[in-house]
Structure formats: C-alpha cells, structure tokens
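One file, model-v8.txt, carrying compact mmCIF, N, CA and C atoms:
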```txt
# COMPACT_ATOMS: atom_id res chain seq x y z
N MET O 26 0.84 -1.17 0.00
CA MET O 26 0.00 0.00 0.00
C MET O 26 0.89 1.24 0.00
N MET O 27 0.61 2.11 -0.92
CA MET O 27 1.40 3.32 -1.07
C MET O 27 0.70 4.47 -0.35
N LYS O 28 1.46 5.18 0.43
CA LYS O 28 0.89 6.33 1.15
C LYS O 28 0.99 7.56 0.28
N LYS O 29 -0.04 8.33 0.34
CA LYS O 29 -0.03 9.60 -0.40
C LYS O 29 0.45 10.71 0.52
N LEU O 30 1.30 11.49 -0.04
CA LEU O 30 1.85 12.61 0.70
C LEU O 30 1.10 13.87 0.30
N LEU O 31 0.56 14.52 1.26
CA LEU O 31 -0.20 15.75 1.01
C LEU O 31 0.68 16.94 1.38
N LEU O 32 0.91 17.78 0.40
CA LEU O 32 1.69 18.98 0.63
C LEU O 32 0.77 20.18 0.69
N LEU O 33 0.94 20.94 1.70
CA LEU O 33 0.18 22.18 1.82
C LEU O 33 1.07 23.35 1.49
N SER O 34 0.55 24.19 0.69
CA SER O 34 1.29 25.39 0.33
C SER O 34 0.60 26.57 0.99
N VAL O 35 1.36 27.30 1.73
CA VAL O 35 0.82 28.46 2.42
C VAL O 35 1.45 29.71 1.81
N VAL O 36 0.59 30.62 1.41
CA VAL O 36 1.07 31.88 0.86
C VAL O 36 0.86 32.95 1.93
N LEU O 37 1.97 33.53 2.33
CA LEU O 37 1.91 34.56 3.35
C LEU O 37 2.09 35.92 2.69
N PRO O 38 1.34 36.90 3.12
CA PRO O 38 1.55 38.24 2.57
C PRO O 38 2.92 38.77 3.00
N ILE O 39 3.48 39.57 2.15
CA ILE O 39 4.77 40.17 2.47
C ILE O 39 4.50 41.44 3.26
N PHE O 40 5.06 41.47 4.44
CA PHE O 40 4.88 42.63 5.30
C PHE O 40 6.14 43.47 5.29
N SER O 41 5.95 44.76 5.31
CA SER O 41 7.08 45.66 5.47
C SER O 41 7.07 46.10 6.92
N TRP O 42 8.18 45.93 7.55
CA TRP O 42 8.28 46.32 8.96
C TRP O 42 8.76 47.76 9.08
N ALA O 43 8.81 48.47 7.97
CA ALA O 43 9.24 49.86 7.99
C ALA O 43 8.22 50.71 8.74
N ILE O 44 8.73 51.62 9.50
CA ILE O 44 7.88 52.48 10.31
C ILE O 44 8.02 53.92 9.84
N ARG O 45 6.88 54.63 9.86
CA ARG O 45 6.85 56.07 9.54
C ARG O 45 6.60 56.81 10.84
N ILE O 46 7.46 57.75 11.16
CA ILE O 46 7.40 58.47 12.42
C ILE O 46 6.99 59.92 12.19
N THR O 47 6.08 60.42 13.02
CA THR O 47 5.70 61.83 12.97
C THR O 47 5.88 62.50 14.33
N ASP O 48 6.43 61.76 15.29
CA ASP O 48 6.67 62.29 16.62
C ASP O 48 8.03 61.77 17.10
N VAL O 49 8.89 62.66 17.52
CA VAL O 49 10.24 62.29 17.96
C VAL O 49 10.19 61.23 19.07
N ALA O 50 9.20 61.30 19.92
CA ALA O 50 9.09 60.36 21.03
C ALA O 50 8.94 58.91 20.56
N ASP O 51 8.47 58.71 19.34
CA ASP O 51 8.27 57.36 18.82
C ASP O 51 9.54 56.72 18.26
N ILE O 52 10.62 57.45 18.23
CA ILE O 52 11.87 56.92 17.66
C ILE O 52 12.50 55.88 18.58
N LEU O 53 12.55 56.15 19.86
CA LEU O 53 13.21 55.27 20.82
C LEU O 53 12.66 53.85 20.76
N GLY O 54 13.53 52.91 20.52
CA GLY O 54 13.15 51.51 20.44
C GLY O 54 12.81 51.04 19.03
N ASN O 55 12.66 51.97 18.10
CA ASN O 55 12.31 51.63 16.72
C ASN O 55 13.38 52.04 15.72
N GLU O 56 14.55 52.38 16.20
CA GLU O 56 15.60 52.98 15.37
C GLU O 56 15.90 52.20 14.09
N ASN O 57 15.98 50.88 14.17
CA ASN O 57 16.34 50.07 13.00
C ASN O 57 15.21 49.89 12.01
N ALA O 58 13.98 50.07 12.43
CA ALA O 58 12.82 49.84 11.56
C ALA O 58 12.33 51.11 10.86
N ILE O 59 12.74 52.25 11.34
CA ILE O 59 12.23 53.52 10.82
C ILE O 59 12.85 53.84 9.46
N GLU O 60 12.00 54.05 8.46
CA GLU O 60 12.45 54.44 7.13
C GLU O 60 11.99 55.84 6.76
N VAL O 61 10.93 56.33 7.40
CA VAL O 61 10.39 57.65 7.07
C VAL O 61 10.15 58.42 8.37
N ILE O 62 10.69 59.64 8.41
CA ILE O 62 10.41 60.54 9.53
C ILE O 62 9.87 61.83 8.93
N ASP O 63 8.68 62.21 9.36
CA ASP O 63 8.06 63.46 8.92
C ASP O 63 7.83 64.33 10.14
N LEU O 64 8.71 65.29 10.34
CA LEU O 64 8.59 66.23 11.45
C LEU O 64 8.34 67.64 10.92
N SER O 65 7.66 67.71 9.78
CA SER O 65 7.34 69.01 9.21
C SER O 65 6.39 69.77 10.14
N ASN O 66 6.53 71.08 10.14
CA ASN O 66 5.66 71.96 10.93
C ASN O 66 5.61 71.57 12.40
N SER O 67 6.75 71.19 12.96
CA SER O 67 6.81 70.74 14.36
C SER O 67 7.42 71.77 15.30
N GLY O 68 7.79 72.93 14.78
CA GLY O 68 8.37 73.97 15.63
C GLY O 68 9.79 73.66 16.09
N LEU O 69 10.49 72.80 15.35
CA LEU O 69 11.86 72.43 15.74
C LEU O 69 12.83 73.56 15.47
N THR O 70 13.75 73.78 16.40
CA THR O 70 14.84 74.72 16.18
C THR O 70 16.17 73.98 16.08
N GLU O 71 16.19 72.73 16.52
CA GLU O 71 17.37 71.87 16.42
C GLU O 71 16.94 70.49 15.94
N LEU O 72 17.86 69.81 15.29
CA LEU O 72 17.59 68.45 14.83
C LEU O 72 17.68 67.51 16.03
N PRO O 73 16.61 66.76 16.32
CA PRO O 73 16.70 65.79 17.42
C PRO O 73 17.78 64.75 17.10
N LEU O 74 18.73 64.58 18.00
CA LEU O 74 19.84 63.67 17.76
C LEU O 74 19.39 62.21 17.63
N SER O 75 18.23 61.88 18.15
CA SER O 75 17.73 60.51 18.05
C SER O 75 17.50 60.11 16.58
N ILE O 76 17.31 61.08 15.70
CA ILE O 76 17.14 60.80 14.27
C ILE O 76 18.39 60.12 13.72
N LEU O 77 19.54 60.49 14.24
CA LEU O 77 20.80 59.97 13.75
C LEU O 77 20.98 58.49 14.08
N GLU O 78 20.16 57.96 14.98
CA GLU O 78 20.22 56.54 15.34
C GLU O 78 19.39 55.68 14.39
N CYS O 79 18.64 56.30 13.52
CA CYS O 79 17.77 55.58 12.58
C CYS O 79 18.60 55.13 11.38
N THR O 80 19.19 53.97 11.50
CA THR O 80 20.18 53.49 10.54
C THR O 80 19.61 53.17 9.16
N ASN O 81 18.31 52.95 9.04
CA ASN O 81 17.70 52.62 7.75
C ASN O 81 16.81 53.73 7.22
N LEU O 82 17.00 54.94 7.71
CA LEU O 82 16.17 56.07 7.32
C LEU O 82 16.36 56.40 5.85
N LYS O 83 15.23 56.48 5.12
CA LYS O 83 15.26 56.79 3.69
C LYS O 83 14.69 58.17 3.38
N LYS O 84 13.68 58.59 4.13
CA LYS O 84 13.04 59.87 3.87
C LYS O 84 12.97 60.67 5.17
N LEU O 85 13.46 61.91 5.09
CA LEU O 85 13.44 62.79 6.25
C LEU O 85 12.85 64.14 5.85
N ASN O 86 11.70 64.45 6.43
CA ASN O 86 11.03 65.72 6.14
C ASN O 86 11.11 66.60 7.37
N LEU O 87 11.88 67.65 7.27
CA LEU O 87 12.03 68.63 8.35
C LEU O 87 11.55 70.00 7.90
N SER O 88 10.66 70.03 6.94
CA SER O 88 10.21 71.29 6.35
C SER O 88 9.41 72.14 7.33
N ASN O 89 9.48 73.44 7.07
CA ASN O 89 8.68 74.43 7.79
C ASN O 89 8.85 74.37 9.31
N ASN O 90 10.09 74.35 9.73
CA ASN O 90 10.43 74.45 11.13
C ASN O 90 11.28 75.70 11.29
N GLY O 91 11.91 75.84 12.39
CA GLY O 91 12.80 76.98 12.63
C GLY O 91 14.24 76.53 12.74
N LEU O 92 14.61 75.51 11.97
CA LEU O 92 15.96 74.97 12.04
C LEU O 92 16.99 76.00 11.59
N ILE O 93 18.03 76.12 12.38
CA ILE O 93 19.13 77.03 12.05
C ILE O 93 20.41 76.21 11.86
N LYS O 94 20.73 75.39 12.85
CA LYS O 94 21.94 74.58 12.80
C LYS O 94 21.58 73.12 12.52
N LEU O 95 22.40 72.52 11.70
CA LEU O 95 22.27 71.08 11.42
C LEU O 95 23.58 70.41 11.80
N PRO O 96 23.51 69.31 12.55
CA PRO O 96 24.75 68.64 12.93
C PRO O 96 25.40 67.95 11.73
N GLN O 97 26.72 67.95 11.70
CA GLN O 97 27.46 67.30 10.62
C GLN O 97 27.14 65.81 10.56
N TYR O 98 26.75 65.24 11.68
CA TYR O 98 26.44 63.82 11.72
C TYR O 98 25.27 63.44 10.81
N LEU O 99 24.48 64.41 10.41
CA LEU O 99 23.38 64.15 9.49
C LEU O 99 23.89 63.47 8.23
N SER O 100 25.10 63.78 7.86
CA SER O 100 25.68 63.20 6.64
C SER O 100 25.96 61.70 6.77
N GLN O 101 25.85 61.15 7.96
CA GLN O 101 26.14 59.73 8.18
C GLN O 101 24.93 58.82 7.94
N LEU O 102 23.78 59.39 7.63
CA LEU O 102 22.59 58.58 7.34
C LEU O 102 22.73 58.02 5.94
N LYS O 103 23.42 56.89 5.81
CA LYS O 103 23.86 56.40 4.51
C LYS O 103 22.74 55.89 3.60
N HIS O 104 21.54 55.64 4.12
CA HIS O 104 20.44 55.17 3.28
C HIS O 104 19.48 56.29 2.88
N LEU O 105 19.78 57.50 3.32
CA LEU O 105 18.89 58.63 3.06
C LEU O 105 18.76 58.90 1.56
N GLU O 106 17.51 58.89 1.07
CA GLU O 106 17.22 59.13 -0.34
C GLU O 106 16.51 60.45 -0.57
N GLU O 107 15.74 60.90 0.43
CA GLU O 107 14.99 62.16 0.29
C GLU O 107 15.17 63.00 1.54
N LEU O 108 15.52 64.26 1.34
CA LEU O 108 15.69 65.19 2.44
C LEU O 108 14.95 66.48 2.09
N ASP O 109 14.00 66.85 2.95
CA ASP O 109 13.22 68.08 2.74
C ASP O 109 13.53 69.04 3.88
N LEU O 110 14.23 70.10 3.55
CA LEU O 110 14.56 71.16 4.51
C LEU O 110 13.86 72.46 4.15
N SER O 111 12.91 72.41 3.25
CA SER O 111 12.23 73.61 2.76
C SER O 111 11.57 74.39 3.90
N GLY O 112 11.53 75.69 3.73
CA GLY O 112 10.85 76.55 4.69
C GLY O 112 11.61 76.79 5.98
N ASN O 113 12.85 76.33 6.08
CA ASN O 113 13.69 76.62 7.24
C ASN O 113 14.58 77.80 6.85
N GLN O 114 14.09 79.00 7.15
CA GLN O 114 14.67 80.21 6.59
C GLN O 114 15.92 80.70 7.29
N GLY O 115 16.37 80.01 8.30
CA GLY O 115 17.59 80.45 8.97
C GLY O 115 18.71 79.43 8.88
N LEU O 116 18.60 78.47 7.97
CA LEU O 116 19.62 77.43 7.86
C LEU O 116 21.01 78.00 7.65
N SER O 117 21.97 77.44 8.33
CA SER O 117 23.35 77.88 8.22
C SER O 117 23.97 77.38 6.91
N PHE O 118 24.45 78.32 6.11
CA PHE O 118 25.14 78.00 4.86
C PHE O 118 26.36 77.13 5.15
N VAL O 119 27.08 77.44 6.21
CA VAL O 119 28.29 76.71 6.60
C VAL O 119 27.94 75.26 6.95
N ASP O 120 26.88 75.06 7.72
CA ASP O 120 26.46 73.70 8.08
C ASP O 120 26.13 72.89 6.83
N LEU O 121 25.37 73.49 5.93
CA LEU O 121 25.01 72.79 4.69
C LEU O 121 26.25 72.43 3.89
N GLU O 122 27.19 73.36 3.80
CA GLU O 122 28.43 73.12 3.07
C GLU O 122 29.16 71.90 3.63
N LEU O 123 29.30 71.84 4.94
CA LEU O 123 30.01 70.72 5.58
C LEU O 123 29.27 69.40 5.43
N ILE O 124 27.96 69.43 5.58
CA ILE O 124 27.16 68.21 5.46
C ILE O 124 27.24 67.65 4.05
N PHE O 125 27.14 68.52 3.06
CA PHE O 125 27.19 68.05 1.67
C PHE O 125 28.58 67.51 1.32
N GLU O 126 29.62 68.12 1.89
CA GLU O 126 31.00 67.64 1.64
C GLU O 126 31.20 66.24 2.18
N GLN O 127 30.63 65.96 3.34
CA GLN O 127 30.89 64.71 4.05
C GLN O 127 29.81 63.65 3.84
N ASN O 128 28.88 63.90 2.95
CA ASN O 128 27.72 63.03 2.84
C ASN O 128 28.10 61.59 2.47
N ASN O 129 27.35 60.67 3.02
CA ASN O 129 27.43 59.25 2.69
C ASN O 129 26.09 58.78 2.13
N TRP O 130 25.28 59.70 1.69
CA TRP O 130 23.92 59.43 1.29
C TRP O 130 23.80 58.77 -0.08
N GLN O 131 22.60 58.26 -0.30
CA GLN O 131 22.15 57.82 -1.62
C GLN O 131 21.11 58.82 -2.09
N LEU O 132 21.23 60.05 -1.64
CA LEU O 132 20.22 61.08 -1.82
C LEU O 132 19.84 61.27 -3.28
N LYS O 133 18.51 61.16 -3.54
CA LYS O 133 17.97 61.35 -4.88
C LYS O 133 17.15 62.62 -4.98
N LYS O 134 16.61 63.06 -3.83
CA LYS O 134 15.74 64.24 -3.84
C LYS O 134 16.11 65.14 -2.67
N LEU O 135 16.38 66.40 -2.99
CA LEU O 135 16.74 67.40 -1.99
C LEU O 135 15.90 68.64 -2.20
N ASP O 136 15.21 69.06 -1.15
CA ASP O 136 14.37 70.26 -1.23
C ASP O 136 14.91 71.31 -0.27
N LEU O 137 15.42 72.38 -0.84
CA LEU O 137 15.91 73.53 -0.07
C LEU O 137 15.14 74.79 -0.47
N SER O 138 13.92 74.61 -0.91
CA SER O 138 13.11 75.75 -1.33
C SER O 138 12.71 76.61 -0.13
N ASP O 139 12.50 77.89 -0.41
CA ASP O 139 12.03 78.84 0.60
C ASP O 139 12.88 78.85 1.87
N CYS O 140 14.20 78.85 1.69
CA CYS O 140 15.14 78.89 2.82
C CYS O 140 15.88 80.21 2.90
N GLN O 141 15.48 81.18 2.09
CA GLN O 141 16.12 82.50 2.03
C GLN O 141 17.63 82.38 1.76
N MET O 142 18.00 81.41 0.95
CA MET O 142 19.40 81.23 0.59
C MET O 142 19.81 82.27 -0.44
N ILE O 143 21.01 82.83 -0.25
CA ILE O 143 21.56 83.78 -1.21
C ILE O 143 22.52 83.06 -2.15
N PHE O 144 23.22 82.07 -1.60
CA PHE O 144 24.18 81.27 -2.36
C PHE O 144 23.85 79.80 -2.22
N ILE O 145 24.26 79.03 -3.19
CA ILE O 145 24.15 77.57 -3.11
C ILE O 145 25.49 77.05 -2.61
N PRO O 146 25.49 76.20 -1.61
CA PRO O 146 26.77 75.63 -1.16
C PRO O 146 27.47 74.93 -2.32
N THR O 147 28.74 75.22 -2.53
CA THR O 147 29.46 74.62 -3.65
C THR O 147 29.55 73.11 -3.52
N SER O 148 29.53 72.61 -2.29
CA SER O 148 29.62 71.16 -2.07
C SER O 148 28.35 70.42 -2.47
N ILE O 149 27.32 71.16 -2.88
CA ILE O 149 26.11 70.50 -3.36
C ILE O 149 26.43 69.63 -4.57
N GLY O 150 27.52 69.98 -5.24
CA GLY O 150 27.98 69.18 -6.38
C GLY O 150 28.50 67.81 -5.98
N GLU O 151 28.75 67.60 -4.70
CA GLU O 151 29.19 66.29 -4.19
C GLU O 151 28.04 65.29 -4.13
N LEU O 152 26.83 65.76 -4.27
CA LEU O 152 25.65 64.90 -4.19
C LEU O 152 25.38 64.28 -5.55
N ALA O 153 26.16 63.30 -5.89
CA ALA O 153 26.18 62.72 -7.24
C ALA O 153 24.89 62.02 -7.65
N ASN O 154 24.10 61.53 -6.69
CA ASN O 154 22.90 60.77 -7.03
C ASN O 154 21.62 61.61 -7.10
N VAL O 155 21.72 62.89 -6.78
CA VAL O 155 20.53 63.74 -6.74
C VAL O 155 19.92 63.86 -8.13
N GLU O 156 18.63 63.53 -8.22
CA GLU O 156 17.87 63.63 -9.46
C GLU O 156 16.93 64.83 -9.42
N VAL O 157 16.48 65.19 -8.21
CA VAL O 157 15.56 66.32 -8.05
C VAL O 157 16.13 67.26 -7.00
N LEU O 158 16.37 68.50 -7.41
CA LEU O 158 16.88 69.53 -6.51
C LEU O 158 15.95 70.73 -6.62
N ASN O 159 15.31 71.07 -5.51
CA ASN O 159 14.39 72.19 -5.50
C ASN O 159 15.02 73.35 -4.73
N LEU O 160 15.32 74.43 -5.45
CA LEU O 160 15.89 75.63 -4.86
C LEU O 160 14.97 76.84 -5.06
N SER O 161 13.72 76.58 -5.38
CA SER O 161 12.78 77.67 -5.67
C SER O 161 12.52 78.54 -4.44
N SER O 162 12.05 79.74 -4.69
CA SER O 162 11.67 80.70 -3.64
C SER O 162 12.81 81.03 -2.70
N ASN O 163 14.02 81.11 -3.24
CA ASN O 163 15.17 81.57 -2.49
C ASN O 163 15.59 82.92 -3.06
N GLU O 164 16.64 83.49 -2.55
CA GLU O 164 17.12 84.79 -2.99
C GLU O 164 18.49 84.65 -3.62
N LEU O 165 18.64 83.66 -4.51
CA LEU O 165 19.92 83.36 -5.12
C LEU O 165 20.41 84.52 -5.96
N LYS O 166 21.69 84.87 -5.77
CA LYS O 166 22.32 85.96 -6.50
C LYS O 166 23.08 85.44 -7.71
N ALA O 167 23.54 84.20 -7.64
CA ALA O 167 24.31 83.62 -8.73
C ALA O 167 24.24 82.09 -8.64
N LEU O 168 24.51 81.47 -9.79
CA LEU O 168 24.58 80.01 -9.83
C LEU O 168 26.01 79.61 -10.11
```
Output the file's structure as structure tokens, nothing else.
Amino acid sequence: MMKKLLLLSVVLPIFSWAIRITDVADILGNENAIEVIDLSNSGLTELPLSILECTNLKKLNLSNNGLIKLPQYLSQLKHLEELDLSGNQGLSFVDLELIFEQNNWQLKKLDLSDCQMIFIPTSIGELANVEVLNLSSNELKAL
C-alpha cells in the first residue's frame, strides 16, 4: 500500500516592517525599523539627535520648522534618499556646506526651497545621485 503525501502550500503576505514616524518620542526603540520621519511643521529649532540613530532612514522631512543649525552627523545617514529642509529660513550655509561635503547618502531628492538662501553651497555638487533639486523661492544671487 502506497501512502499519499499531502503537501500544503501556504502563501503569506509580504509585510514591510518599515515604520513612519511623525513624533520624535516614537523613535526610541524603533531605530532600526524607521524608514520615514516626517517632522514638518513641528516647531523644531534643532535636529533631534535621536534621528541619527535611525540606521535605515530613507526619507526625512524637516520642512517648515525653525531649524538654524544642522549637525554634521546628518551626513552619516547612509540610506537617506529624500531630504526636505524647505521653509527653514535660517539654515546655516556653513552647516550645509560641511554636510554636503561629508555626505554618505544615496540622496535622490533634496528640497531647499524657501530657505532664504543667497548662495548655493558649492559642495552641493558632491551629491552625485541627486535627481531632483528644488531651490525655488530663495534669494539666489548667482549660480
């Protein structure tokens, strides 16, 4: 007597464990899973250092805050593909210059619109993968 073997095939949905954060308090404990942080219109004057612990961060929206200084460590977010700094009208030109020089990003989209920039940091040319660069609504004197 021959036994029949019954095979069951189970199809499981593919889940993405990526997390989207809109509150800095939600970062702690989720650092490796966070891919998107949207802290736009949050009244920030400094970049929360906990963001730098998000090793798989791909999209960072810090638009329309009161950011003035950006830490150089921002350049260490090696998976970052999109960075939105628009509407931060007091951003330090020097900080941007240093961050762009030292970047380890895969950055494809950079938004620096409405930042009251007079000059473009020359190191912006170091961002070799950028496909979309928004510099609109600034006060650029020269390119």
Can you pull out the residues contacting Ala167 of chain O? Cut-off 6.5 Å, using only N, CA and C atoms, and skip same-chain residues under 6 positions away; I want them as a JSON list (two decimals) with N, CA and C atoms, in the coordinates of the input.
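Generated output (selection23.json):
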```
[["chain", "number", "residue", "atom", "x", "y", "z"],
["O", 143, "ILE", "N", 21.01, 82.83, -0.25],
["O", 143, "ILE", "CA", 21.56, 83.78, -1.21],
["O", 143, "ILE", "C", 22.52, 83.06, -2.15],
["O", 144, "PHE", "N", 23.22, 82.07, -1.60],
["O", 144, "PHE", "CA", 24.18, 81.27, -2.36],
["O", 144, "PHE", "C", 23.85, 79.80, -2.22],
["O", 145, "ILE", "N", 24.26, 79.03, -3.19],
["O", 145, "ILE", "CA", 24.15, 77.57, -3.11],
["O", 145, "ILE", "C", 25.49, 77.05, -2.61]]
```
(request) Tell me, as a VMD selection string, which residues lie within 7 Å of Leu121 of chain O, counting only N, CA and C atoms; anything in the same chain fewer than 2 positions away does not count. (result) chain O and resid 95 116 to 119 123 to 126 146 148 to 149
(request) Excluding segment 56-67 of chain O and any residue of its chain fewer than 3 positions from it, enumerate the residues within 5 Å of it, using only N, CA and C atoms, and give them as a ChimeraX atom specification. (result) /O:43-47,52,78-90
Specify the axis-aligned box that encloses all atoms of segment 89-108 of chain O listed in the file after padding of 5 Å on each side, stating its centre and edge lengths in Å to one decimal as lines of an AutoDock Vina configuration file.
```
center_x = 18.1
center_y = 66.1
center_z = 6.2
size_x = 28.8
size_y = 31.9
size_z = 23.5
```
(request) Write down as a PyMOL selection string the residues belonging to chain O that are assigned helix (DSSP H, G or I) by DSSP computed on the backbone. (result) chain O and resi 49-51+74-78+97-101+118-126+147-151
(request) Kindly indicate which residue among O:Leu69, O:Leu137, O:Leu77, O:Leu165 lies nearest to Leu102 of chain O, using only N, CA and C atoms for the distances. (result) O:Leu77
Considering only N, CA and C atoms, return as an mmCIF file with N, CA and C atoms, in the coordinates of the input whatever protein or nucleic-acid residues lie within 5 Å of Asp136 of chain O, sequence-local ones (same chain, fewer than 2 positions apart) excluded.
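Result saved to out_36.cif:
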```
data_model
loop_
_atom_site.group_PDB
_atom_site.id
_atom_site.type_symbol
_atom_site.label_atom_id
_atom_site.label_comp_id
_atom_site.auth_asym_id
_atom_site.auth_seq_id
_atom_site.Cartn_x
_atom_site.Cartn_y
_atom_site.Cartn_z
ATOM 1 N N LEU O 108 15.520 64.260 1.340
ATOM 2 C CA LEU O 108 15.690 65.190 2.440
ATOM 3 C C LEU O 108 14.950 66.480 2.090
ATOM 4 N N ASP O 109 14.000 66.850 2.950
ATOM 5 C CA ASP O 109 13.220 68.080 2.740
ATOM 6 C C ASP O 109 13.530 69.040 3.880
ATOM 7 N N LEU O 110 14.230 70.100 3.550
ATOM 8 C CA LEU O 110 14.560 71.160 4.510
ATOM 9 C C LEU O 110 13.860 72.460 4.150
ATOM 10 N N SER O 111 12.910 72.410 3.250
ATOM 11 C CA SER O 111 12.230 73.610 2.760
ATOM 12 C C SER O 111 11.570 74.390 3.900
ATOM 13 N N LYS O 134 16.610 63.060 -3.830
ATOM 14 C CA LYS O 134 15.740 64.240 -3.840
ATOM 15 C C LYS O 134 16.110 65.140 -2.670
ATOM 16 N N SER O 138 13.920 74.610 -0.910
ATOM 17 C CA SER O 138 13.110 75.750 -1.330
ATOM 18 C C SER O 138 12.710 76.610 -0.130
ATOM 19 N N ASN O 159 15.310 71.070 -5.510
ATOM 20 C CA ASN O 159 14.390 72.190 -5.500
ATOM 21 C C ASN O 159 15.020 73.350 -4.730
#
```
(message) Counting only N, CA and C atoms, which residue out of O:Met142, O:Leu158, O:Ile93, O:Ala153 sits closest to Thr70 of chain O?
(response)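 Among the listed residues, O:Ile93 lies closest to Thr70 of chain O.
Across O:Asn55, O:Asn154, O:Gln101, O:Gln114, the tightest approach to Gln141 of chain O is made by O:Gln114 when counting only C-alpha atoms.
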(message) To one decimal place in Å, what is the distance between atom CA of Pro73 of chain O and atom CA of Leu152 of chain O?
(response)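 Atom-to-atom, atom CA of Pro73 of chain O to atom CA of Leu152 of chain O, that is 23.4 Å.
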(message) Can you tell me which residues surround segment 129-132 of chain O at a distance of at most 6 Å, considering all atoms listed in the file, apart from same-chain residues fewer than 5 positions away, and format the answer as a ChimeraX atom specification?
(response) /O:100-107,154-156
(request) For atom CA of Leu92 of chain O and atom CA of Asp48 of chain O, quote the distance in Å rounded to one decimal. (result)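 Atom CA of Leu92 of chain O sits 16.4 Å away from atom CA of Asp48 of chain O.
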(request) Figure out the distance between atom N of Tyr98 of chain O and atom CA of Ser161 of chain O, please, to one decimal in Å. (result)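 So the two atoms, atom CA of Ser161 of chain O and atom N of Tyr98 of chain O, lie 25.5 Å apart.
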(request) Choose the residue, out of O:Asp51, O:Asn163, O:Leu72, O:Asn113, that has the smallest atom-to-atom separation from Pro96 of chain O; count all atoms listed in the file. (result)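 The closest residue to Pro96 of chain O is O:Leu72.
Distances here use only C-alpha atoms; by that measure, the residue among O:Gly115, O:Gln97, O:Leu168, O:Ile76 closest to Thr147 of chain O is O:Leu168.
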All strand (DSSP E) positions in segment 44-76 of chain O, as a compact mmCIF listing (two decimals) with N, CA and C atoms, keeping the file's coordinate frame:
```txt
# COMPACT_ATOMS: atom_id res chain seq x y z
N ILE O 44 8.73 51.62 9.50
CA ILE O 44 7.88 52.48 10.31
C ILE O 44 8.02 53.92 9.84
N ARG O 45 6.88 54.63 9.86
CA ARG O 45 6.85 56.07 9.54
C ARG O 45 6.60 56.81 10.84
N ILE O 46 7.46 57.75 11.16
CA ILE O 46 7.40 58.47 12.42
C ILE O 46 6.99 59.92 12.19
N ILE O 59 12.74 52.25 11.34
CA ILE O 59 12.23 53.52 10.82
C ILE O 59 12.85 53.84 9.46
N GLU O 60 12.00 54.05 8.46
CA GLU O 60 12.45 54.44 7.13
C GLU O 60 11.99 55.84 6.76
N VAL O 61 10.93 56.33 7.40
CA VAL O 61 10.39 57.65 7.07
C VAL O 61 10.15 58.42 8.37
N ILE O 62 10.69 59.64 8.41
CA ILE O 62 10.41 60.54 9.53
C ILE O 62 9.87 61.83 8.93
N ASP O 63 8.68 62.21 9.36
CA ASP O 63 8.06 63.46 8.92
C ASP O 63 7.83 64.33 10.14
```
Could you pull segment 81-92 of chain O out of the structure just shown and give N, CA, C and O atoms as a tab-separated table (two decimals), in the first residue's frame?
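Result written to part.tsv:
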```tsv
chain	number	residue	atom	x	y	z
O	81	ASN	N	18.31	52.95	9.04
O	81	ASN	CA	17.70	52.62	7.75
O	81	ASN	C	16.81	53.73	7.22
O	81	ASN	O	15.98	53.50	6.34
O	82	LEU	N	17.00	54.94	7.71
O	82	LEU	CA	16.17	56.07	7.32
O	82	LEU	C	16.36	56.40	5.85
O	82	LEU	O	17.47	56.55	5.37
O	83	LYS	N	15.23	56.48	5.12
O	83	LYS	CA	15.26	56.79	3.69
O	83	LYS	C	14.69	58.17	3.38
O	83	LYS	O	15.14	58.83	2.46
O	84	LYS	N	13.68	58.59	4.13
O	84	LYS	CA	13.04	59.87	3.87
O	84	LYS	C	12.97	60.67	5.17
O	84	LYS	O	12.49	60.18	6.18
O	85	LEU	N	13.46	61.91	5.09
O	85	LEU	CA	13.44	62.79	6.25
O	85	LEU	C	12.85	64.14	5.85
O	85	LEU	O	13.40	64.83	5.00
O	86	ASN	N	11.70	64.45	6.43
O	86	ASN	CA	11.03	65.72	6.14
O	86	ASN	C	11.11	66.60	7.37
O	86	ASN	O	10.49	66.30	8.40
O	87	LEU	N	11.88	67.65	7.27
O	87	LEU	CA	12.03	68.63	8.35
O	87	LEU	C	11.55	70.00	7.90
O	87	LEU	O	11.96	71.02	8.43
O	88	SER	N	10.66	70.03	6.94
O	88	SER	CA	10.21	71.29	6.35
O	88	SER	C	9.41	72.14	7.33
O	88	SER	O	8.78	71.64	8.26
O	89	ASN	N	9.48	73.44	7.07
O	89	ASN	CA	8.68	74.43	7.79
O	89	ASN	C	8.85	74.37	9.31
O	89	ASN	O	7.88	74.35	10.05
O	90	ASN	N	10.09	74.35	9.73
O	90	ASN	CA	10.43	74.45	11.13
O	90	ASN	C	11.28	75.70	11.29
O	90	ASN	O	11.38	76.50	10.37
O	91	GLY	N	11.91	75.84	12.39
O	91	GLY	CA	12.80	76.98	12.63
O	91	GLY	C	14.24	76.53	12.74
O	91	GLY	O	15.00	77.10	13.52
O	92	LEU	N	14.61	75.51	11.97
O	92	LEU	CA	15.96	74.97	12.04
O	92	LEU	C	16.99	76.00	11.59
O	92	LEU	O	16.83	76.64	10.56
```
